[in-house]
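> One structure, pasted below without further comment.
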Amino acid sequence: MAVTDRARTTAREDRQHTTGSTAKKGALGLGVLLALLATVVWSGSFVATRGMSGTVPPVQAVFWRWTIAAVAVTPFAAQQAWQQRALIRKHLGYVSLATLFGVTLYNTLVHQAGLTTSASNMGTIMAASPVIMALYARLGGERLGARRVFGLLLAALGVLLLVGHGSLSLHFGAGDLWMFAAAFSFATYSALLKRKPAEIGGLTFLLTTFVLGALMLAPAYAISLHVQGGFEATPATLGPLLYVGVFSSAVAFFAWNKAVSLIGAARAGIVYYLQPVCVAALGLLLLGERTGPAQLLCMALILGGVALGSAARR
């Protein structure tokens with residue numbers, strides 16, 4: 001009888017182990033897909049940002065981006081946000097810090113960079129942020145594993161060669177430096193996501209950060225209006241603003257935040273390395289920015305590093 005009980009217990013444990021393993025693989029796959037969705041959508045935002053760089057002042061573009069994003073998310077998030085308003089007040093310091101790095105600073109820096117550098121460079125330099133994400137993860141006690149580190153380094157080499165036009169002698173302009181600052185800001189935001197209080201719902205967090213981000217930008221927006229004047233509302237300006245407001249903000253941030261919660265910032269960051277490839281393709285199709293053999297070789301290194309790092313087990 002005891003032998004039978006042990007056999008039943010072992011079989012039950014095996015089933016639980018199999019179910020847990022399957023669920024873990026499912027979460028990993030979903031997390032990678034969500035990170036990829038966010039990366040592709042954000043790639044389009046660099047092209048949109050570059051396209052309206054001469055018509056919409058950066059601060060005004062970012063202010064309207066988050067205003068549009070808040071309006072887009074409100075029908076889905078308002079009820080949950082109202083129910084969790086006490087939680088928001090309790091964790092207002094954390095939410096404000098995440099908003100500062102992920103909403104206010106990051107996007108303002110991106111739009112500022114778009115004035116003086118190409119969409120391809122913007123996407124390529126932003127691909128440096130996973131290195132910072134991995135460093136944050138390691139400092140937080142996460143074991144990256146040799147395979148994932150190698151994939152990270154391989155993709156980083158591809159990024160450096162792509163920025164350096166085939167060599168490691170890098171020469172950065174003002175716009176490139178703005179983008180490096182944006183990469184640091186986004187990596188910091190991604191690291192902060194791991195500390196998001198579990199009781200705050202994803203939609204509540206999104207709506208709150210969007211509203212706070214617009215409020216933080218309001219004084220700078222008023223100054224920009226006074227100094228630079230407004231911009232003309234035409235299809236050439238409203239189209240990109242709607243894209244970055246609805247898709248690059250509401251959709252992509254929801255997907256990215258969920259991906260980080262499922263697979264961690266370091267692994268999501270490896271998928272983010274695909275951004276230079278996506279931006280280069282969109283830049284060629286929409287802006288006529290050419291991609292040469294050297295760039296294709298660098299992108300192959302990036303893709304190889306992404307594949308290797310994403311497949312690595314913890």
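Labels used: A, B, ... for chains in the order of the structure tokens, numbers from 1 for residues in each chain, and numbers from 1 for ligands as shown.
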Within 8 Å of Ala38 (chain A), counting only C-alpha atoms, which residues show up once you throw out same-chain ones fewer than 6 positions away? Write them as a PDB file with all heavy atoms, in the first residue's frame, please.

```pdb
ATOM      1  N   SER A 248       2.665  53.800 -30.265  1.00  0.00           N
ATOM      2  CA  SER A 248       3.967  53.775 -29.598  1.00  0.00           C
ATOM      3  C   SER A 248       3.858  54.000 -28.098  1.00  0.00           C
ATOM      4  O   SER A 248       4.796  53.688 -27.364  1.00  0.00           O
ATOM      5  CB  SER A 248       4.884  54.841 -30.200  1.00  0.00           C
ATOM      6  OG  SER A 248       5.139  54.553 -31.550  1.00  0.00           O
ATOM      7  N   VAL A 251      -0.212  51.132 -26.835  1.00  0.00           N
ATOM      8  CA  VAL A 251      -0.051  49.719 -27.198  1.00  0.00           C
ATOM      9  C   VAL A 251       1.335  49.205 -26.818  1.00  0.00           C
ATOM     10  O   VAL A 251       1.481  48.174 -26.146  1.00  0.00           O
ATOM     11  CB  VAL A 251      -0.302  49.518 -28.710  1.00  0.00           C
ATOM     12  CG1 VAL A 251      -0.010  48.074 -29.108  1.00  0.00           C
ATOM     13  CG2 VAL A 251      -1.738  49.888 -29.063  1.00  0.00           C
ATOM     14  N   ALA A 252       2.390  49.916 -27.244  1.00  0.00           N
ATOM     15  CA  ALA A 252       3.747  49.416 -27.049  1.00  0.00           C
ATOM     16  C   ALA A 252       4.136  49.384 -25.569  1.00  0.00           C
ATOM     17  O   ALA A 252       4.776  48.425 -25.121  1.00  0.00           O
ATOM     18  CB  ALA A 252       4.737  50.265 -27.846  1.00  0.00           C
ATOM     19  N   PHE A 253       3.774  50.401 -24.806  1.00  0.00           N
ATOM     20  CA  PHE A 253       4.141  50.401 -23.385  1.00  0.00           C
ATOM     21  C   PHE A 253       3.411  49.304 -22.625  1.00  0.00           C
ATOM     22  O   PHE A 253       3.989  48.683 -21.726  1.00  0.00           O
ATOM     23  CB  PHE A 253       3.869  51.777 -22.757  1.00  0.00           C
ATOM     24  CG  PHE A 253       5.050  52.690 -22.799  1.00  0.00           C
ATOM     25  CD1 PHE A 253       5.368  53.385 -23.962  1.00  0.00           C
ATOM     26  CD2 PHE A 253       5.862  52.855 -21.698  1.00  0.00           C
ATOM     27  CE1 PHE A 253       6.467  54.226 -24.023  1.00  0.00           C
ATOM     28  CE2 PHE A 253       6.967  53.693 -21.739  1.00  0.00           C
ATOM     29  CZ  PHE A 253       7.272  54.385 -22.899  1.00  0.00           C
ATOM     30  N   ALA A 255       2.496  46.410 -23.909  1.00  0.00           N
ATOM     31  CA  ALA A 255       3.166  45.166 -24.309  1.00  0.00           C
ATOM     32  C   ALA A 255       4.521  45.029 -23.621  1.00  0.00           C
ATOM     33  O   ALA A 255       4.882  43.957 -23.133  1.00  0.00           O
ATOM     34  CB  ALA A 255       3.324  45.129 -25.831  1.00  0.00           C
ATOM     35  N   TRP A 256       5.299  46.122 -23.579  1.00  0.00           N
ATOM     36  CA  TRP A 256       6.635  46.070 -22.976  1.00  0.00           C
ATOM     37  C   TRP A 256       6.551  45.809 -21.471  1.00  0.00           C
ATOM     38  O   TRP A 256       7.290  44.968 -20.945  1.00  0.00           O
ATOM     39  CB  TRP A 256       7.377  47.368 -23.244  1.00  0.00           C
ATOM     40  CG  TRP A 256       8.767  47.364 -22.671  1.00  0.00           C
ATOM     41  CD1 TRP A 256       9.174  47.933 -21.514  1.00  0.00           C
ATOM     42  CD2 TRP A 256       9.917  46.729 -23.239  1.00  0.00           C
ATOM     43  NE1 TRP A 256      10.519  47.708 -21.330  1.00  0.00           N
ATOM     44  CE2 TRP A 256      10.996  46.970 -22.365  1.00  0.00           C
ATOM     45  CE3 TRP A 256      10.140  45.988 -24.406  1.00  0.00           C
ATOM     46  CZ2 TRP A 256      12.286  46.494 -22.622  1.00  0.00           C
ATOM     47  CZ3 TRP A 256      11.425  45.516 -24.659  1.00  0.00           C
ATOM     48  CH2 TRP A 256      12.471  45.763 -23.776  1.00  0.00           C
TER      49      TRP A 256
END
```
> Residues at most 10 Å from Phe101 (chain A), counting only C-alpha atoms, excluding those fewer than 6 positions away in the same chain, as a list in words?
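The neighbour list is Asn107, Ala182, Phe184, Ser185, Phe186, Ala187, Thr188, Tyr189, Ser190, Leu192 and Gly213 of chain A.
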> Considering only C-alpha atoms, give me a table of residues in region 29-108 of chain A that are at most 12 Å from region 259-272 of chain A, with the closest atom pair and distance in Å for each, as a Markdown table.

```
| residue | atom | partner | partner_atom | distance |
| --- | --- | --- | --- | --- |
| A:Gly29 | CA | A:Ile263 | CA | 9.0 |
| A:Leu30 | CA | A:Ala259 | CA | 7.5 |
| A:Gly31 | CA | A:Ala259 | CA | 4.3 |
| A:Val32 | CA | A:Ala268 | CA | 6.6 |
| A:Leu33 | CA | A:Ala259 | CA | 8.0 |
| A:Leu34 | CA | A:Ala259 | CA | 5.5 |
| A:Ala35 | CA | A:Ala259 | CA | 5.5 |
| A:Leu36 | CA | A:Val271 | CA | 6.2 |
| A:Leu37 | CA | A:Ala259 | CA | 9.7 |
| A:Ala38 | CA | A:Tyr272 | CA | 8.4 |
| A:Thr39 | CA | A:Tyr272 | CA | 5.7 |
| A:Val40 | CA | A:Tyr272 | CA | 8.9 |
| A:Val41 | CA | A:Tyr272 | CA | 11.2 |
| A:Trp42 | CA | A:Tyr272 | CA | 9.7 |
| A:Ser43 | CA | A:Tyr272 | CA | 9.9 |
```
> Write the residues you've just listed into a file as a PDB file, in the first residue's frame, and include N, CA, C and O atoms for each of them.

```pdb
ATOM      1  N   GLY A  29       7.530  32.365 -24.112  1.00  0.00           N
ATOM      2  CA  GLY A  29       7.151  32.647 -25.499  1.00  0.00           C
ATOM      3  C   GLY A  29       6.291  33.889 -25.618  1.00  0.00           C
ATOM      4  O   GLY A  29       6.516  34.730 -26.500  1.00  0.00           O
ATOM      5  N   LEU A  30       5.316  34.030 -24.720  1.00  0.00           N
ATOM      6  CA  LEU A  30       4.440  35.207 -24.756  1.00  0.00           C
ATOM      7  C   LEU A  30       5.242  36.470 -24.449  1.00  0.00           C
ATOM      8  O   LEU A  30       5.050  37.509 -25.096  1.00  0.00           O
ATOM      9  N   GLY A  31       6.142  36.379 -23.477  1.00  0.00           N
ATOM     10  CA  GLY A  31       6.962  37.534 -23.127  1.00  0.00           C
ATOM     11  C   GLY A  31       7.826  38.000 -24.279  1.00  0.00           C
ATOM     12  O   GLY A  31       7.950  39.203 -24.544  1.00  0.00           O
ATOM     13  N   VAL A  32       8.442  37.047 -24.987  1.00  0.00           N
ATOM     14  CA  VAL A  32       9.288  37.389 -26.135  1.00  0.00           C
ATOM     15  C   VAL A  32       8.450  38.031 -27.240  1.00  0.00           C
ATOM     16  O   VAL A  32       8.861  39.027 -27.857  1.00  0.00           O
ATOM     17  N   LEU A  33       7.259  37.484 -27.491  1.00  0.00           N
ATOM     18  CA  LEU A  33       6.383  38.047 -28.531  1.00  0.00           C
ATOM     19  C   LEU A  33       5.933  39.464 -28.181  1.00  0.00           C
ATOM     20  O   LEU A  33       5.893  40.346 -29.048  1.00  0.00           O
ATOM     21  N   LEU A  34       5.603  39.702 -26.916  1.00  0.00           N
ATOM     22  CA  LEU A  34       5.185  41.041 -26.498  1.00  0.00           C
ATOM     23  C   LEU A  34       6.344  42.035 -26.588  1.00  0.00           C
ATOM     24  O   LEU A  34       6.155  43.180 -27.009  1.00  0.00           O
ATOM     25  N   ALA A  35       7.541  41.590 -26.198  1.00  0.00           N
ATOM     26  CA  ALA A  35       8.718  42.462 -26.325  1.00  0.00           C
ATOM     27  C   ALA A  35       8.993  42.775 -27.798  1.00  0.00           C
ATOM     28  O   ALA A  35       9.373  43.901 -28.146  1.00  0.00           O
ATOM     29  N   LEU A  36       8.790  41.787 -28.663  1.00  0.00           N
ATOM     30  CA  LEU A  36       8.989  41.994 -30.097  1.00  0.00           C
ATOM     31  C   LEU A  36       7.958  42.967 -30.655  1.00  0.00           C
ATOM     32  O   LEU A  36       8.291  43.852 -31.454  1.00  0.00           O
ATOM     33  N   LEU A  37       6.700  42.825 -30.228  1.00  0.00           N
ATOM     34  CA  LEU A  37       5.648  43.752 -30.670  1.00  0.00           C
ATOM     35  C   LEU A  37       5.999  45.185 -30.283  1.00  0.00           C
ATOM     36  O   LEU A  37       5.912  46.098 -31.110  1.00  0.00           O
ATOM     37  N   ALA A  38       6.398  45.381 -29.027  1.00  0.00           N
ATOM     38  CA  ALA A  38       6.761  46.722 -28.574  1.00  0.00           C
ATOM     39  C   ALA A  38       7.941  47.266 -29.368  1.00  0.00           C
ATOM     40  O   ALA A  38       7.960  48.444 -29.757  1.00  0.00           O
ATOM     41  N   THR A  39       8.920  46.411 -29.638  1.00  0.00           N
ATOM     42  CA  THR A  39      10.117  46.837 -30.371  1.00  0.00           C
ATOM     43  C   THR A  39       9.776  47.291 -31.785  1.00  0.00           C
ATOM     44  O   THR A  39      10.260  48.322 -32.256  1.00  0.00           O
ATOM     45  N   VAL A  40       8.932  46.521 -32.474  1.00  0.00           N
ATOM     46  CA  VAL A  40       8.555  46.871 -33.842  1.00  0.00           C
ATOM     47  C   VAL A  40       7.766  48.183 -33.868  1.00  0.00           C
ATOM     48  O   VAL A  40       8.013  49.063 -34.704  1.00  0.00           O
ATOM     49  N   VAL A  41       6.823  48.319 -32.943  1.00  0.00           N
ATOM     50  CA  VAL A  41       6.013  49.544 -32.905  1.00  0.00           C
ATOM     51  C   VAL A  41       6.888  50.748 -32.572  1.00  0.00           C
ATOM     52  O   VAL A  41       6.758  51.818 -33.184  1.00  0.00           O
ATOM     53  N   TRP A  42       7.800  50.591 -31.613  1.00  0.00           N
ATOM     54  CA  TRP A  42       8.699  51.701 -31.260  1.00  0.00           C
ATOM     55  C   TRP A  42       9.643  52.054 -32.403  1.00  0.00           C
ATOM     56  O   TRP A  42      10.040  53.208 -32.552  1.00  0.00           O
ATOM     57  N   SER A  43       9.994  51.069 -33.204  1.00  0.00           N
ATOM     58  CA  SER A  43      10.840  51.350 -34.369  1.00  0.00           C
ATOM     59  C   SER A  43      10.140  52.339 -35.293  1.00  0.00           C
ATOM     60  O   SER A  43      10.760  53.269 -35.821  1.00  0.00           O
TER      61      SER A  43
END
```
> Could you name the residues that touch Ala61 (chain A) at 8 Å or less, counting only C-alpha atoms, but leaving out those on the same chain fewer than 4 positions away, as a ChimeraX atom specification?
/A:56-57,65,111,241
> Generate the output file for the selected residues, C-alpha atoms, as a compact mmCIF listing (two decimals), in the first residue's frame.

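Final file, selection.txt:
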```
# COMPACT_ATOMS: atom_id res chain seq x y z
CA VAL A 56 6.69 70.08 -34.35
CA PRO A 57 8.97 71.32 -31.50
CA ARG A 65 1.99 62.23 -27.40
CA HIS A 111 12.47 63.93 -29.97
CA LEU A 241 1.34 62.31 -33.39
```
> Please report the interatomic distance between CA of Ile125 (chain A) and CA of Met179 (chain A) in Å with one decimal.
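Between CA of Ile125 (chain A) and CA of Met179 (chain A) the gap is 6.3 Å.
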